[in-house]
$ cat run12.cif   # mmCIF, C-alpha atoms
data_target
loop_
_atom_site.label_atom_id
_atom_site.label_comp_id
_atom_site.auth_asym_id
_atom_site.auth_seq_id
_atom_site.Cartn_x
_atom_site.Cartn_y
_atom_site.Cartn_z
CA MET A 1410 -0.91 44.50 9.45
CA ILE A 1411 2.78 44.41 10.33
CA GLY A 1412 2.87 40.96 8.71
CA ALA A 1413 1.88 42.43 5.36
CA ILE A 1414 4.40 45.25 5.78
CA THR A 1415 7.09 42.70 6.63
CA GLY A 1416 6.36 40.82 3.42
CA ASP A 1417 6.57 44.04 1.44
CA ILE A 1418 9.93 44.99 2.96
CA VAL A 1419 11.45 41.53 2.60
CA GLY A 1420 10.26 41.26 -1.00
CA SER A 1421 11.29 44.77 -2.04
CA VAL A 1422 14.77 43.73 -3.11
CA TYR A 1423 13.59 40.68 -5.05
CA GLU A 1424 10.80 42.21 -7.16
CA PHE A 1425 13.11 42.79 -10.11
CA ASP A 1426 15.78 40.32 -9.04
CA ASN A 1427 13.78 37.19 -8.26
CA HIS A 1428 15.20 34.62 -5.85
CA ARG A 1429 13.55 31.29 -6.59
CA ASP A 1430 14.39 29.31 -3.50
CA LYS A 1431 13.79 29.76 0.22
CA HIS A 1432 17.40 30.34 1.21
CA PHE A 1433 18.06 34.07 1.45
CA PRO A 1434 18.63 36.70 4.14
CA LEU A 1435 15.19 37.61 5.44
CA PHE A 1436 16.05 41.31 5.82
CA ARG A 1437 18.75 42.44 3.46
CA PRO A 1438 20.41 45.72 4.48
CA ASP A 1439 18.99 47.39 1.37
CA ALA A 1440 15.38 46.23 1.96
CA PHE A 1441 12.82 49.04 2.10
CA PHE A 1442 9.09 49.71 2.30
CA THR A 1443 7.23 50.30 -0.97
CA ASP A 1444 3.83 51.50 -2.12
CA ASP A 1445 2.33 48.34 -0.64
CA THR A 1446 3.14 49.65 2.83
CA VAL A 1447 2.24 53.28 2.13
CA LEU A 1448 -1.22 52.43 0.81
CA SER A 1449 -1.87 49.90 3.58
CA VAL A 1450 -1.17 52.70 6.04
CA ALA A 1451 -3.49 55.01 4.11
CA LEU A 1452 -6.35 52.51 4.50
CA ALA A 1453 -5.52 51.91 8.15
CA GLU A 1454 -5.72 55.63 8.87
CA THR A 1455 -9.08 55.85 7.11
CA LEU A 1456 -10.49 52.92 9.06
CA MET A 1457 -9.48 54.57 12.33
CA HIS A 1458 -10.47 58.15 11.63
CA GLY A 1459 -12.99 58.01 8.82
CA GLY A 1460 -12.88 59.83 5.53
CA ASP A 1461 -12.65 58.82 1.91
CA TYR A 1462 -10.33 55.99 0.88
CA GLY A 1463 -9.41 57.70 -2.38
CA GLU A 1464 -8.55 60.98 -0.68
CA ALA A 1465 -6.42 59.15 1.87
CA MET A 1466 -4.49 57.27 -0.81
CA ARG A 1467 -3.84 60.48 -2.73
CA ARG A 1468 -2.68 62.22 0.46
CA TRP A 1469 -0.25 59.44 1.35
CA TYR A 1470 0.95 59.19 -2.24
CA ARG A 1471 1.95 62.84 -2.07
CA ARG A 1472 3.88 62.19 1.12
CA TYR A 1473 5.75 59.29 -0.50
CA PRO A 1474 5.68 59.94 -4.27
CA ASN A 1475 8.66 57.69 -5.00
CA ALA A 1476 7.55 54.49 -3.29
CA GLY A 1477 7.22 52.48 -6.51
CA TYR A 1478 3.61 52.93 -7.61
CA GLY A 1479 2.28 51.57 -10.88
CA GLY A 1480 1.88 54.00 -13.75
CA MET A 1481 -1.92 54.01 -13.78
CA PHE A 1482 -2.11 54.57 -10.03
CA ARG A 1483 0.42 57.38 -10.24
CA GLN A 1484 -1.65 59.16 -12.91
CA TRP A 1485 -4.79 58.66 -10.84
CA ALA A 1486 -3.17 59.91 -7.62
CA GLN A 1487 -1.87 63.06 -9.30
CA THR A 1488 -5.36 64.03 -10.52
CA ASP A 1489 -7.79 65.11 -7.81
CA ASN A 1490 -10.95 64.40 -9.73
CA ALA A 1491 -9.91 61.17 -11.48
CA GLY A 1492 -12.32 58.29 -11.14
CA PRO A 1493 -11.52 54.59 -10.93
CA TYR A 1494 -9.73 53.05 -13.88
CA TYR A 1495 -11.23 49.54 -13.90
CA SER A 1496 -8.03 47.92 -12.74
CA TRP A 1497 -7.71 44.20 -12.12
CA GLY A 1498 -4.21 44.70 -10.73
CA ASN A 1499 -2.95 43.29 -7.46
CA GLY A 1500 -2.85 46.71 -5.80
CA ALA A 1501 -6.32 46.21 -4.38
CA ALA A 1502 -5.18 43.06 -2.56
CA MET A 1503 -1.79 44.35 -1.45
CA ARG A 1504 -3.23 47.26 0.55
CA VAL A 1505 -6.31 45.59 2.08
CA SER A 1506 -4.89 43.81 5.13
CA PRO A 1507 -6.11 46.47 7.61
CA VAL A 1508 -9.70 45.63 6.64
CA GLY A 1509 -9.24 42.00 7.62
CA PHE A 1510 -7.93 43.01 11.03
CA ALA A 1511 -10.41 45.80 11.75
CA PHE A 1512 -13.74 43.94 11.54
CA ASN A 1513 -15.08 40.73 12.99
CA ASP A 1514 -17.87 39.67 10.64
CA LEU A 1515 -17.61 38.52 7.06
CA ASP A 1516 -20.28 40.75 5.54
CA THR A 1517 -18.57 43.88 6.87
CA VAL A 1518 -15.13 42.69 5.78
CA LEU A 1519 -16.37 42.01 2.26
CA ASP A 1520 -18.16 45.36 2.08
CA LYS A 1521 -15.18 47.34 3.38
CA ALA A 1522 -12.73 45.46 1.16
CA GLN A 1523 -14.83 46.33 -1.88
CA ALA A 1524 -15.03 49.96 -0.80
CA SER A 1525 -11.25 50.11 -0.36
CA ALA A 1526 -10.68 48.69 -3.84
CA GLU A 1527 -13.22 50.71 -5.80
CA PRO A 1528 -11.53 54.14 -5.90
CA THR A 1529 -9.07 52.59 -8.36
CA HIS A 1530 -9.65 48.84 -8.79
CA ASN A 1531 -13.33 48.63 -9.68
CA HIS A 1532 -12.86 45.67 -12.05
CA PRO A 1533 -14.53 42.51 -10.64
CA GLU A 1534 -11.16 40.78 -10.35
CA GLY A 1535 -9.67 43.71 -8.44
CA ILE A 1536 -12.58 43.70 -6.01
CA LYS A 1537 -12.51 39.92 -5.65
CA GLY A 1538 -8.79 39.92 -4.89
CA ALA A 1539 -9.23 42.46 -2.12
CA GLN A 1540 -12.20 40.59 -0.68
CA ALA A 1541 -10.48 37.21 -0.76
CA THR A 1542 -7.38 38.55 0.98
CA ALA A 1543 -9.34 40.34 3.69
CA ALA A 1544 -11.66 37.37 4.22
CA ALA A 1545 -8.71 34.98 4.58
CA ILE A 1546 -7.28 37.27 7.26
CA LEU A 1547 -10.59 37.30 9.10
CA TRP A 1548 -10.96 33.53 8.96
CA ALA A 1549 -7.37 33.06 10.15
CA ARG A 1550 -7.97 35.45 13.04
CA GLN A 1551 -11.08 33.54 14.00
CA GLY A 1552 -9.16 30.28 14.27
CA GLN A 1553 -10.32 28.53 11.12
CA ASP A 1554 -7.93 25.83 9.96
CA LYS A 1555 -6.14 26.03 6.65
CA ALA A 1556 -8.35 23.44 4.97
CA THR A 1557 -11.42 25.51 5.78
CA ILE A 1558 -9.82 28.76 4.62
CA ARG A 1559 -8.73 27.10 1.37
CA ARG A 1560 -12.19 25.68 0.78
CA GLU A 1561 -13.94 28.96 1.51
CA CYS A 1562 -11.60 30.94 -0.74
CA ALA A 1563 -12.06 28.46 -3.58
CA THR A 1564 -15.82 28.21 -3.21
CA ARG A 1565 -16.70 31.83 -2.51
CA PHE A 1566 -14.21 33.49 -4.87
CA GLY A 1567 -13.79 30.87 -7.55
CA TYR A 1568 -10.02 30.55 -7.24
CA ASP A 1569 -8.31 27.32 -8.27
CA LEU A 1570 -6.26 26.53 -5.20
CA ALA A 1571 -5.45 22.94 -6.11
CA PRO A 1572 -1.96 23.57 -7.60
CA SER A 1573 0.88 23.28 -5.12
CA LEU A 1574 3.73 25.75 -4.84
CA ALA A 1575 5.86 23.29 -6.80
CA ASP A 1576 3.27 23.23 -9.57
CA ILE A 1577 2.89 27.01 -9.64
CA GLY A 1578 6.61 27.65 -9.61
CA VAL A 1579 7.33 25.67 -12.76
CA ASP A 1580 6.29 28.50 -15.07
CA TYR A 1581 5.29 31.33 -12.73
CA ASP A 1582 6.27 34.69 -14.12
CA PHE A 1583 5.88 38.36 -13.20
CA ASP A 1584 2.12 38.86 -12.92
CA VAL A 1585 0.55 42.03 -11.54
CA SER A 1586 -3.06 40.86 -11.84
CA CYS A 1587 -5.14 40.02 -8.80
CA GLN A 1588 -6.11 36.71 -10.37
CA GLY A 1589 -2.45 35.88 -10.97
CA THR A 1590 -1.22 37.01 -7.55
CA VAL A 1591 -3.80 36.22 -4.86
CA PRO A 1592 -4.06 32.43 -5.42
CA PRO A 1593 -0.26 31.90 -5.33
CA ALA A 1594 -0.01 34.15 -2.26
CA LEU A 1595 -2.72 32.10 -0.54
CA THR A 1596 -0.92 28.88 -1.43
CA ALA A 1597 2.32 30.23 0.03
CA PHE A 1598 0.43 30.59 3.30
CA PHE A 1599 -1.30 27.21 3.07
CA GLU A 1600 2.00 25.34 2.63
CA ALA A 1601 3.88 27.20 5.38
CA ASP A 1602 4.75 25.90 8.82
CA GLY A 1603 5.09 29.35 10.38
CA PHE A 1604 5.12 33.08 9.64
CA GLU A 1605 8.69 33.25 8.36
CA ASP A 1606 8.21 30.15 6.23
CA ALA A 1607 5.15 31.72 4.61
CA ILE A 1608 7.18 34.78 3.60
CA ARG A 1609 9.94 32.57 2.24
CA ASN A 1610 7.42 30.54 0.25
CA ALA A 1611 6.07 33.71 -1.37
CA ILE A 1612 9.49 35.08 -2.27
CA ALA A 1613 10.61 31.74 -3.72
CA LEU A 1614 7.81 31.89 -6.29
CA GLY A 1615 9.50 34.82 -8.02
CA GLY A 1616 7.24 37.25 -9.84
CA ASP A 1617 6.02 40.38 -8.08
CA SER A 1618 7.85 39.45 -4.91
CA ASP A 1619 7.00 42.33 -2.62
CA THR A 1620 3.27 42.15 -3.33
CA LEU A 1621 3.10 38.35 -3.17
CA ALA A 1622 4.84 38.41 0.21
CA CYS A 1623 2.74 41.36 1.39
CA ILE A 1624 -0.51 39.47 0.73
CA THR A 1625 0.85 36.25 2.22
CA GLY A 1626 2.29 38.09 5.21
CA GLY A 1627 -1.01 39.64 6.25
CA ILE A 1628 -2.75 36.26 6.24
CA ALA A 1629 0.16 34.52 7.96
CA GLU A 1630 0.18 37.18 10.68
CA ALA A 1631 -3.48 36.53 11.38
CA PHE A 1632 -2.86 32.78 11.62
CA TYR A 1633 0.54 32.56 13.33
CA GLY A 1634 1.34 36.02 14.65
CA VAL A 1635 4.65 37.68 13.83
CA PRO A 1636 7.76 36.73 15.81
CA GLN A 1637 8.96 39.64 17.90
CA ALA A 1638 12.41 39.76 16.31
CA ILE A 1639 10.93 39.91 12.80
CA GLU A 1640 8.44 42.58 13.83
CA ALA A 1641 11.26 44.67 15.29
CA GLU A 1642 13.26 44.43 12.06
CA ALA A 1643 10.25 45.56 10.04
CA PHE A 1644 9.63 48.56 12.31
CA LYS A 1645 13.29 49.59 11.94
CA ARG A 1646 12.64 50.13 8.25
CA LEU A 1647 9.61 52.38 8.73
CA ASP A 1648 9.91 56.08 9.34
CA SER A 1649 8.15 57.66 12.31
CA GLN A 1650 5.12 58.75 10.30
CA LEU A 1651 4.34 55.24 9.05
CA ALA A 1652 5.24 53.53 12.32
CA GLU A 1653 2.93 55.83 14.26
CA VAL A 1654 -0.11 54.85 12.19
CA VAL A 1655 0.75 51.13 12.37
CA THR A 1656 1.10 51.33 16.15
CA GLU A 1657 -2.12 53.28 16.56
CA PHE A 1658 -4.00 50.85 14.32
CA ARG A 1659 -2.86 47.88 16.36
CA GLN A 1660 -3.96 49.56 19.57
CA HIS A 1661 -7.28 50.56 18.02
CA PHE A 1662 -8.34 47.33 16.32
CA MET A 1663 -6.10 44.35 16.79
CA THR A 1664 -7.53 42.58 19.79
CA PRO A 1665 -8.36 38.86 19.77
CA THR A 1666 -11.82 37.91 18.50
CA ASP A 1667 -14.18 36.00 20.78
#

$ encode --input "run12.cif" --output "structure tokens"
Amino acid sequence: MIGAITGDIVGSVYEFDNHRDKHFPLFRPDAFFTDDTVLSVALAETLMHGGDYGEAMRRWYRRYPNAGYGGMFRQWAQTDNAGPYYSWGNGAAMRVSPVGFAFNDLDTVLDKAQASAEPTHNHPEGIKGAQATAAAILWARQGQDKATIRRECATRFGYDLAPSLADIGVDYDFDVSCQGTVPPALTAFFEADGFEDAIRNAIALGGDSDTLACITGGIAEAFYGVPQAIEAEAFKRLDSQLAEVVTEFRQHFMTPTD
């Protein structure tokens, strides 16, 4: 899931200062991890050690209360007995990459992605966004080509993946919905020629840059891997607590599928 974290870090400085072309420093000195990373780590920890997804997200929120969470999530996380709030936001998709790396069959990935979304994002679009992202990671890990992944995402999840990045970028604006984030993030991956290019594609769209690049980065990692130099730069921007979970998760789950 270091690919998703990389996208989050790279995009952190462009979320409210969009950069709409592919020419920019990949890691600006002021780049930082956000809630996308924190909540991905929360899910990774749960997948390794068990427990409740909601409790894990609240626990990690309290460790990093200033990581840039949305207002509804913040209210939820501060209330121990709060139930889901029927969100269709892109938070369900931004945090789900560990699910796509942890399991090797589609039914389990879809089930676990739904379970990871439902503590907060129990709207059908929130669940679908998490499932589509995790499924794309699984298919990429299993060696499916991009045409197959595109077709499966369009058919199974009902996303219109025909528009190109050029088409999307004409009037793409800040959109925090799953339905407005996951298809462009997928397209950024489909049109890339490598991991770094996928991240650059996502940032160049503008909008919710860190989350777009986070979703794209997880899928691109599964398909291309992450270059060692880029991975090292991402780890430099994690503290020891986050880096420890990421490292343990990779040792625990991320082995090639047969």

$ closest_residue --input "run12.cif" --among "A:Asp1617, A:Asp1514, A:Asp1569, A:Glu1424" --to "Ser1586 (chain A)" --atoms "all atoms listed in the file"
A:Asp1617

$ resolve_selection --input "run12.cif" --expression "the PyMOL selection byres ((chain A and resi 1525-1528) around 7)" --output "count of residues only"
15

$ resolve_selection --input "run12.cif" --expression "the PyMOL selection byres ((chain A and resi 1464) around 10)" --output "list in words"
Ala1451, Thr1455, Gly1460, Asp1461, Tyr1462, Gly1463, Ala1465, Met1466, Arg1467, Arg1468, Trp1469, Tyr1470, Ala1486, Asp1489, Asn1490 and Pro1528 of chain A

$ residues_around --input "run12.cif" --residues "Cys1623 (chain A)" --least-positions-apart "4" --cutoff "7 Å" --atoms "all atoms listed in the file" --output "list in words"
Ala1413, Ile1414, Thr1415, Gly1416, Asp1417, Met1503, Asp1619 and Gly1627 of chain A

$ closest_residue --input "run12.cif" --among "A:Asn1475, A:Gln1553, A:Ser1649, A:Thr1542" --to "Gly1509 (chain A)" --atoms "only C-alpha atoms"
A:Thr1542

$ resolve_selection --input "run12.cif" --expression "the PyMOL selection byres ((chain A and resi 1597) around 6)" --output "list in words"
Ala1594, Leu1595, Thr1596, Phe1598, Phe1599, Glu1600, Ala1607, Asn1610 and Ala1611 of chain A

$ residues_near_point --input "run12.cif" --point "(9.6, 37.2, -6.9)" --cutoff "12 Å" --atoms "only C-alpha atoms" --output "PyMOL selection string"
chain A and resi 1416-1417+1419-1431+1578+1581-1585+1590+1593-1594+1608-1623

$ write_last_selection --input "run12.cif" --atoms "C-alpha atoms" --output "CSV table (one decimal), keeping the file's coordinate frame"
chain,number,residue,atom,x,y,z
A,1416,GLY,CA,6.4,40.8,3.4
A,1417,ASP,CA,6.6,44.0,1.4
A,1419,VAL,CA,11.4,41.5,2.6
A,1420,GLY,CA,10.3,41.3,-1.0
A,1421,SER,CA,11.3,44.8,-2.0
A,1422,VAL,CA,14.8,43.7,-3.1
A,1423,TYR,CA,13.6,40.7,-5.0
A,1424,GLU,CA,10.8,42.2,-7.2
A,1425,PHE,CA,13.1,42.8,-10.1
A,1426,ASP,CA,15.8,40.3,-9.0
A,1427,ASN,CA,13.8,37.2,-8.3
A,1428,HIS,CA,15.2,34.6,-5.8
A,1429,ARG,CA,13.6,31.3,-6.6
A,1430,ASP,CA,14.4,29.3,-3.5
A,1431,LYS,CA,13.8,29.8,0.2
A,1578,GLY,CA,6.6,27.6,-9.6
A,1581,TYR,CA,5.3,31.3,-12.7
A,1582,ASP,CA,6.3,34.7,-14.1
A,1583,PHE,CA,5.9,38.4,-13.2
A,1584,ASP,CA,2.1,38.9,-12.9
A,1585,VAL,CA,0.6,42.0,-11.5
A,1590,THR,CA,-1.2,37.0,-7.6
A,1593,PRO,CA,-0.3,31.9,-5.3
A,1594,ALA,CA,0.0,34.2,-2.3
A,1608,ILE,CA,7.2,34.8,3.6
A,1609,ARG,CA,9.9,32.6,2.2
A,1610,ASN,CA,7.4,30.5,0.2
A,1611,ALA,CA,6.1,33.7,-1.4
A,1612,ILE,CA,9.5,35.1,-2.3
A,1613,ALA,CA,10.6,31.7,-3.7
A,1614,LEU,CA,7.8,31.9,-6.3
A,1615,GLY,CA,9.5,34.8,-8.0
A,1616,GLY,CA,7.2,37.2,-9.8
A,1617,ASP,CA,6.0,40.4,-8.1
A,1618,SER,CA,7.8,39.4,-4.9
A,1619,ASP,CA,7.0,42.3,-2.6
A,1620,THR,CA,3.3,42.2,-3.3
A,1621,LEU,CA,3.1,38.4,-3.2
A,1622,ALA,CA,4.8,38.4,0.2
A,1623,CYS,CA,2.7,41.4,1.4

$ atom_distance --input "run12.cif" --atom1 "CA of Pro1592 (chain A)" --atom2 "CA of Tyr1568 (chain A)"
6.5 Å
